[in-house]
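Here's the structure we're looking at; comments come further down.
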Amino acid sequence: MKRQVPITLAILASLYPVIAFYFPAEGINRFNQSLDEWMVIIASFALALGVVSMIMVNLHKVRRRQKGWIFGLITLAAFAMMASFGLLGGQGSRELADGTTRLEPFTWVFQFMYSPLQSTMFSLLAFYVASASYRAFRVRNVEATLLLVGALIIMLGRVPLGAHLLPGIESWRIPGVADVAEWIMKYPNAAGQRGVIIGAALGAASMSIRVMVGIERPYLGKS
Amino acid sequence: MNWAQKLLMIDRRIIFLLVFLGALIPILVPIGLAVRVSPPVKSIFDRVEGLKPGDAIMLSFDYGPSDGPELDPMANAILRHCHKKGVRVLGLSLFPLGGVDMGIARFSQLSLETGARSGIDYVNLGYKDGGQAAMKLLGESLPAVFPSDVTGQPVGEIPAAQGVRNYNDIELVISLATSVLGEWWINLVNAQFGVDVAVGSTAVSAPKYYAYVEAGQAIGVMGGMKGASEYEDLVAQNYPALAGLSRTATVGMDVQSIVHLIIIMFIVFGNVMFIMTKRMK
């Protein structure tokens, strides 16, 4: 029973929306809508599960004074601070008695601390990309050369400077680098992306069918 | 080690310094390069331009602060355009890592710049977990997914959301997305419900959306800061009253142009040194 019940529930829950899609009767649709609502609620519980897991991992690290435990302490302190701000103060802003607007603490910390920090971390990529490009982009063979030429055309064509440096000659029907870049995105790139998207979709479909008929049982865990 | 090999092993701090100067100088001394509008961005602009006052669109803030520099300018430009057209904007977020706060910041900026009124011209419905389940449920009933807005006011009492029961009452969905959320809007909402979907994505993700645009599943795509600068340019050209507002993506394109040029020069230089090193051997 420990295995049969979850497997039966999983098969029914995964088959029902498919049946509802192809046979959209009112009664069938009503329960299908309920399933979607339950899914939204369960997904929210998964978020809470992630929070609990994060707390337990970092508490364990701090208690055992493992390497980097101070960062675990900072993580827990930051979590406690933001959780308190969010639960007690809410988000957004509020109007004060004198007509001015004040941001709630949660939103203030998000906009003036978390946002700039995240943007800064991401902006470091630009420097590492430049350094890695200089060291790694080498024309060792024909394929690498084609890749490099394509990358250079896209890099130049996707910024305004490219259109100014290499504008093309309309009277001679010579396209500019921006036109060539757009053509590459629209045709070779789209063709390649279609292959990837279709492949991924077929893989997802086959995995879904395996879950639907009970062959794959990821919800049962290691047993 | 010969001189070409030494140049190949150049200290990366020199590269970092040149990139830093390439980013800093155009900010201090703007170049003002004209932006060329591409068809996928023009399609989105034309679709919004074709809406009538009172029409409603959904604007989904499916990104976090790390993608803010690319996607915030898109949000600002779209919100200004919609406000000028009298189009109601229903903001929402399905991205858990800060999406709703990005929406709060953008709507606040819109109100400051144009006097747009919360609850009348736009409503921020907030964040909902569940991804595709939430998208599917929005096709049945908006109040079932978002019973209230981000301030807790019941959605039925908000003028900006009046008459919007599900996707049938929405003219367009624009998803400003990182990760797969943009694809989910296209694959699920456009495919199953027939709603027009447009996507604003980071430059890294933009190439995959061209397949959807060419197939007609997405009406257009704004890719990265370039897409944002193109939309800003279109809004400024067609609505001169908005031309004086901040255009961070357009300023950013000067920076991007110079940094791209620096990286290209490094790549070419590195390969010339590589070839010379091989010949010297």
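By order in the structure tokens, chains are A, B, ...; within a chain, residues start at 1; ligands start at 1, following the order shown.
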Per residue of chain B within 7 Å of chain A, which atom pair is closest and at what distance in Å (one decimal), using only C-alpha atoms, listed by chain and increasing number, as a Markdown table?
| residue | atom | partner | partner_atom | distance |
| --- | --- | --- | --- | --- |
| B:Arg12 | CA | A:Ser131 | CA | 6.0 |
| B:Ile15 | CA | A:Ser131 | CA | 6.2 |
| B:Phe16 | CA | A:Phe127 | CA | 5.5 |
| B:Val19 | CA | A:Phe127 | CA | 6.5 |
| B:Leu33 | CA | A:Pro160 | CA | 6.1 |
| B:Ala34 | CA | A:Pro160 | CA | 6.4 |
| B:Val35 | CA | A:Pro160 | CA | 5.4 |
| B:Arg36 | CA | A:Pro160 | CA | 6.8 |
| B:Pro65 | CA | A:Ser115 | CA | 4.9 |
| B:Ser66 | CA | A:Ser119 | CA | 4.5 |
| B:Ile104 | CA | A:Gly92 | CA | 6.3 |
| B:Asp129 | CA | A:Ser44 | CA | 5.7 |
| B:Gly130 | CA | A:Val40 | CA | 4.5 |
| B:Ala133 | CA | A:Asp36 | CA | 5.4 |
| B:Ala134 | CA | A:Val40 | CA | 6.3 |
| B:Leu137 | CA | A:Asp36 | CA | 6.2 |
| B:Pro207 | CA | A:Met185 | CA | 6.5 |
| B:Lys208 | CA | A:Gln193 | CA | 5.5 |
| B:Tyr210 | CA | A:Ala190 | CA | 5.5 |
| B:Ala211 | CA | A:Ala190 | CA | 4.5 |
| B:Lys226 | CA | A:Val159 | CA | 6.9 |
| B:Met253 | CA | A:Val159 | CA | 6.7 |
| B:Gln256 | CA | A:Val159 | CA | 6.9 |
| B:Ser257 | CA | A:Val159 | CA | 5.3 |
| B:His260 | CA | A:Met155 | CA | 6.3 |
| B:Ile263 | CA | A:Ala130 | CA | 5.5 |
| B:Ile264 | CA | A:Leu152 | CA | 6.7 |
| B:Phe266 | CA | A:Tyr134 | CA | 5.4 |
| B:Ile267 | CA | A:Tyr134 | CA | 5.0 |
| B:Gly270 | CA | A:Tyr134 | CA | 5.6 |
| B:Asn271 | CA | A:Arg138 | CA | 5.8 |
- Contact residues around B:Ala116 with only C-alpha atoms at 12 Å, ignoring same-chain residues under 5 positions, as a PyMOL selection string: chain B and resi 79-89+106-111+121-123+160
Suppose we keep N, CA and C atoms; can you now write the selection as an mmCIF file, in the first residue's frame?
data_model
loop_
_atom_site.group_PDB
_atom_site.id
_atom_site.type_symbol
_atom_site.label_atom_id
_atom_site.label_comp_id
_atom_site.auth_asym_id
_atom_site.auth_seq_id
_atom_site.Cartn_x
_atom_site.Cartn_y
_atom_site.Cartn_z
ATOM 1 N N LEU B 79 5.604 50.900 -19.667
ATOM 2 C CA LEU B 79 4.621 51.527 -18.773
ATOM 3 C C LEU B 79 4.311 52.958 -19.217
ATOM 4 N N ARG B 80 5.348 53.689 -19.621
ATOM 5 C CA ARG B 80 5.104 55.061 -20.107
ATOM 6 C C ARG B 80 4.226 55.030 -21.347
ATOM 7 N N HIS B 81 4.534 54.103 -22.257
ATOM 8 C CA HIS B 81 3.763 53.983 -23.500
ATOM 9 C C HIS B 81 2.309 53.659 -23.196
ATOM 10 N N CYS B 82 2.092 52.674 -22.313
ATOM 11 C CA CYS B 82 0.723 52.270 -21.976
ATOM 12 C C CYS B 82 -0.032 53.417 -21.307
ATOM 13 N N HIS B 83 0.645 54.152 -20.434
ATOM 14 C CA HIS B 83 -0.025 55.254 -19.749
ATOM 15 C C HIS B 83 -0.458 56.332 -20.745
ATOM 16 N N LYS B 84 0.415 56.625 -21.708
ATOM 17 C CA LYS B 84 0.096 57.620 -22.739
ATOM 18 C C LYS B 84 -1.097 57.180 -23.585
ATOM 19 N N LYS B 85 -1.203 55.865 -23.805
ATOM 20 C CA LYS B 85 -2.299 55.342 -24.623
ATOM 21 C C LYS B 85 -3.582 55.159 -23.828
ATOM 22 N N GLY B 86 -3.500 55.304 -22.495
ATOM 23 C CA GLY B 86 -4.690 55.073 -21.672
ATOM 24 C C GLY B 86 -4.992 53.590 -21.497
ATOM 25 N N VAL B 87 -3.967 52.766 -21.670
ATOM 26 C CA VAL B 87 -4.131 51.309 -21.536
ATOM 27 C C VAL B 87 -3.908 50.924 -20.079
ATOM 28 N N ARG B 88 -4.820 50.098 -19.539
ATOM 29 C CA ARG B 88 -4.676 49.649 -18.150
ATOM 30 C C ARG B 88 -3.630 48.543 -18.086
ATOM 31 N N VAL B 89 -2.779 48.608 -17.064
ATOM 32 C CA VAL B 89 -1.727 47.598 -16.910
ATOM 33 C C VAL B 89 -1.982 46.794 -15.646
ATOM 34 N N ARG B 106 9.030 49.846 -10.295
ATOM 35 C CA ARG B 106 8.713 50.394 -11.639
ATOM 36 C C ARG B 106 7.400 51.168 -11.625
ATOM 37 N N PHE B 107 6.396 50.661 -10.917
ATOM 38 C CA PHE B 107 5.120 51.382 -10.851
ATOM 39 C C PHE B 107 5.288 52.687 -10.076
ATOM 40 N N SER B 108 6.122 52.656 -9.022
ATOM 41 C CA SER B 108 6.383 53.898 -8.263
ATOM 42 C C SER B 108 7.024 54.933 -9.173
ATOM 43 N N GLN B 109 7.986 54.473 -9.968
ATOM 44 C CA GLN B 109 8.664 55.405 -10.887
ATOM 45 C C GLN B 109 7.675 55.958 -11.915
ATOM 46 N N LEU B 110 6.784 55.098 -12.401
ATOM 47 C CA LEU B 110 5.786 55.563 -13.382
ATOM 48 C C LEU B 110 4.899 56.651 -12.781
ATOM 49 N N SER B 111 4.470 56.416 -11.533
ATOM 50 C CA SER B 111 3.611 57.397 -10.865
ATOM 51 C C SER B 111 4.329 58.732 -10.703
ATOM 52 N N ASP B 121 -5.024 53.542 -13.201
ATOM 53 C CA ASP B 121 -4.283 53.319 -14.451
ATOM 54 C C ASP B 121 -3.548 51.984 -14.454
ATOM 55 N N TYR B 122 -3.196 51.512 -13.288
ATOM 56 C CA TYR B 122 -2.486 50.245 -13.191
ATOM 57 C C TYR B 122 -2.820 49.605 -11.847
ATOM 58 N N VAL B 123 -2.552 48.302 -11.771
ATOM 59 C CA VAL B 123 -2.687 47.591 -10.501
ATOM 60 C C VAL B 123 -1.551 46.579 -10.420
ATOM 61 N N ALA B 160 -8.885 49.465 -12.067
ATOM 62 C CA ALA B 160 -7.969 49.058 -13.137
ATOM 63 C C ALA B 160 -8.192 47.609 -13.563
#
- Task: Per DSSP on the backbone, filter stretch 38-206 of chain A down to the residues in strand (DSSP E or B) and report them as a PyMOL selection string.
- Result: chain A and resi 93-95+101-103+169+174
Selection from above, N, CA and C atoms, as a PDB file, in the first residue's frame, can you write it?
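Full text of part06.pdb as output:
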ATOM      1  N   SER A  93       5.158  51.128  -0.040  1.00  0.00           N
ATOM      2  CA  SER A  93       5.379  52.375   0.684  1.00  0.00           C
ATOM      3  C   SER A  93       4.087  52.789   1.345  1.00  0.00           C
ATOM      4  N   ARG A  94       4.213  53.726   2.272  1.00  0.00           N
ATOM      5  CA  ARG A  94       2.987  54.235   2.874  1.00  0.00           C
ATOM      6  C   ARG A  94       3.083  55.743   3.034  1.00  0.00           C
ATOM      7  N   GLU A  95       1.878  56.344   2.994  1.00  0.00           N
ATOM      8  CA  GLU A  95       1.834  57.807   3.078  1.00  0.00           C
ATOM      9  C   GLU A  95       1.765  58.209   4.545  1.00  0.00           C
ATOM     10  N   THR A 101       5.850  60.289   1.446  1.00  0.00           N
ATOM     11  CA  THR A 101       5.776  58.833   1.294  1.00  0.00           C
ATOM     12  C   THR A 101       7.036  58.213   1.877  1.00  0.00           C
ATOM     13  N   ARG A 102       6.859  57.140   2.617  1.00  0.00           N
ATOM     14  CA  ARG A 102       8.020  56.432   3.177  1.00  0.00           C
ATOM     15  C   ARG A 102       7.957  54.974   2.780  1.00  0.00           C
ATOM     16  N   LEU A 103       9.120  54.493   2.329  1.00  0.00           N
ATOM     17  CA  LEU A 103       9.184  53.080   1.951  1.00  0.00           C
ATOM     18  C   LEU A 103       9.142  52.218   3.202  1.00  0.00           C
ATOM     19  N   ILE A 169      26.228  49.429 -48.008  1.00  0.00           N
ATOM     20  CA  ILE A 169      26.015  50.363 -49.123  1.00  0.00           C
ATOM     21  C   ILE A 169      24.722  49.950 -49.808  1.00  0.00           C
ATOM     22  N   ILE A 174      24.802  46.062 -50.551  1.00  0.00           N
ATOM     23  CA  ILE A 174      25.721  45.424 -49.596  1.00  0.00           C
ATOM     24  C   ILE A 174      25.166  45.679 -48.199  1.00  0.00           C
TER      25      ILE A 174
END
- Message: Among stretch 143-172 of chain A, which residues does DSSP mark as alpha helix (DSSP H) when it is run on the backbone? Keep the chain and numbering as in the structure and answer as a PyMOL selection string.
- Response: chain A and resi 143-157+160-165
- Quote the spacing between atom CA of B:Ser229 and atom CA of A:Val180 in Å to one decimal place. 19.8 Å
- Message: I want to know what sits within 8 Å of A:Leu76, based on only C-alpha atoms, with residues of the same chain fewer than 5 positions away left out; could you give that as a list in words?
- Response: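 Neighbouring residues, sequence-local ones excluded: Ile55, Asn58 and Leu59 of chain A.
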- Quick one, how far is atom CA of B:Gly103 from atom CA of B:Thr250?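 Those two atoms sit 21.1 Å apart.
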Who sits within 9 Å of B:Tyr212, only C-alpha atoms, same chain under 5 positions skipped, as an mmCIF file with N, CA and C atoms, in the first residue's frame:
data_model
loop_
_atom_site.group_PDB
_atom_site.id
_atom_site.type_symbol
_atom_site.label_atom_id
_atom_site.label_comp_id
_atom_site.auth_asym_id
_atom_site.auth_seq_id
_atom_site.Cartn_x
_atom_site.Cartn_y
_atom_site.Cartn_z
ATOM 1 N N ALA A 190 17.624 30.870 -35.353
ATOM 2 C CA ALA A 190 16.256 30.378 -35.088
ATOM 3 C C ALA A 190 16.153 28.898 -35.442
ATOM 4 N N ARG A 194 15.252 26.062 -32.780
ATOM 5 C CA ARG A 194 14.077 25.183 -32.976
ATOM 6 C C ARG A 194 14.444 23.737 -32.678
ATOM 7 N N GLU B 183 9.227 31.490 -21.939
ATOM 8 C CA GLU B 183 8.815 30.364 -22.790
ATOM 9 C C GLU B 183 7.508 29.765 -22.298
ATOM 10 N N ILE B 186 4.616 31.728 -23.567
ATOM 11 C CA ILE B 186 4.367 31.480 -24.989
ATOM 12 C C ILE B 186 3.759 30.093 -25.183
ATOM 13 N N GLN B 217 4.402 32.540 -32.650
ATOM 14 C CA GLN B 217 3.878 32.274 -31.315
ATOM 15 C C GLN B 217 4.116 33.447 -30.368
ATOM 16 N N ALA B 218 5.107 34.252 -30.691
ATOM 17 C CA ALA B 218 5.344 35.489 -29.943
ATOM 18 C C ALA B 218 5.299 36.620 -30.955
ATOM 19 N N ILE B 219 4.694 37.740 -30.565
ATOM 20 C CA ILE B 219 4.579 38.835 -31.547
ATOM 21 C C ILE B 219 5.888 39.592 -31.693
ATOM 22 N N GLY B 220 6.770 39.459 -30.712
ATOM 23 C CA GLY B 220 8.048 40.142 -30.808
ATOM 24 C C GLY B 220 8.894 39.841 -29.585
#
- Message: Report, in Å to a single decimal, how far apart atom CA of B:Gly152 and atom CA of B:Ser118 are.
- Response: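 Value for the atom CA of B:Ser118-atom CA of B:Gly152 distance: 13.0 Å.
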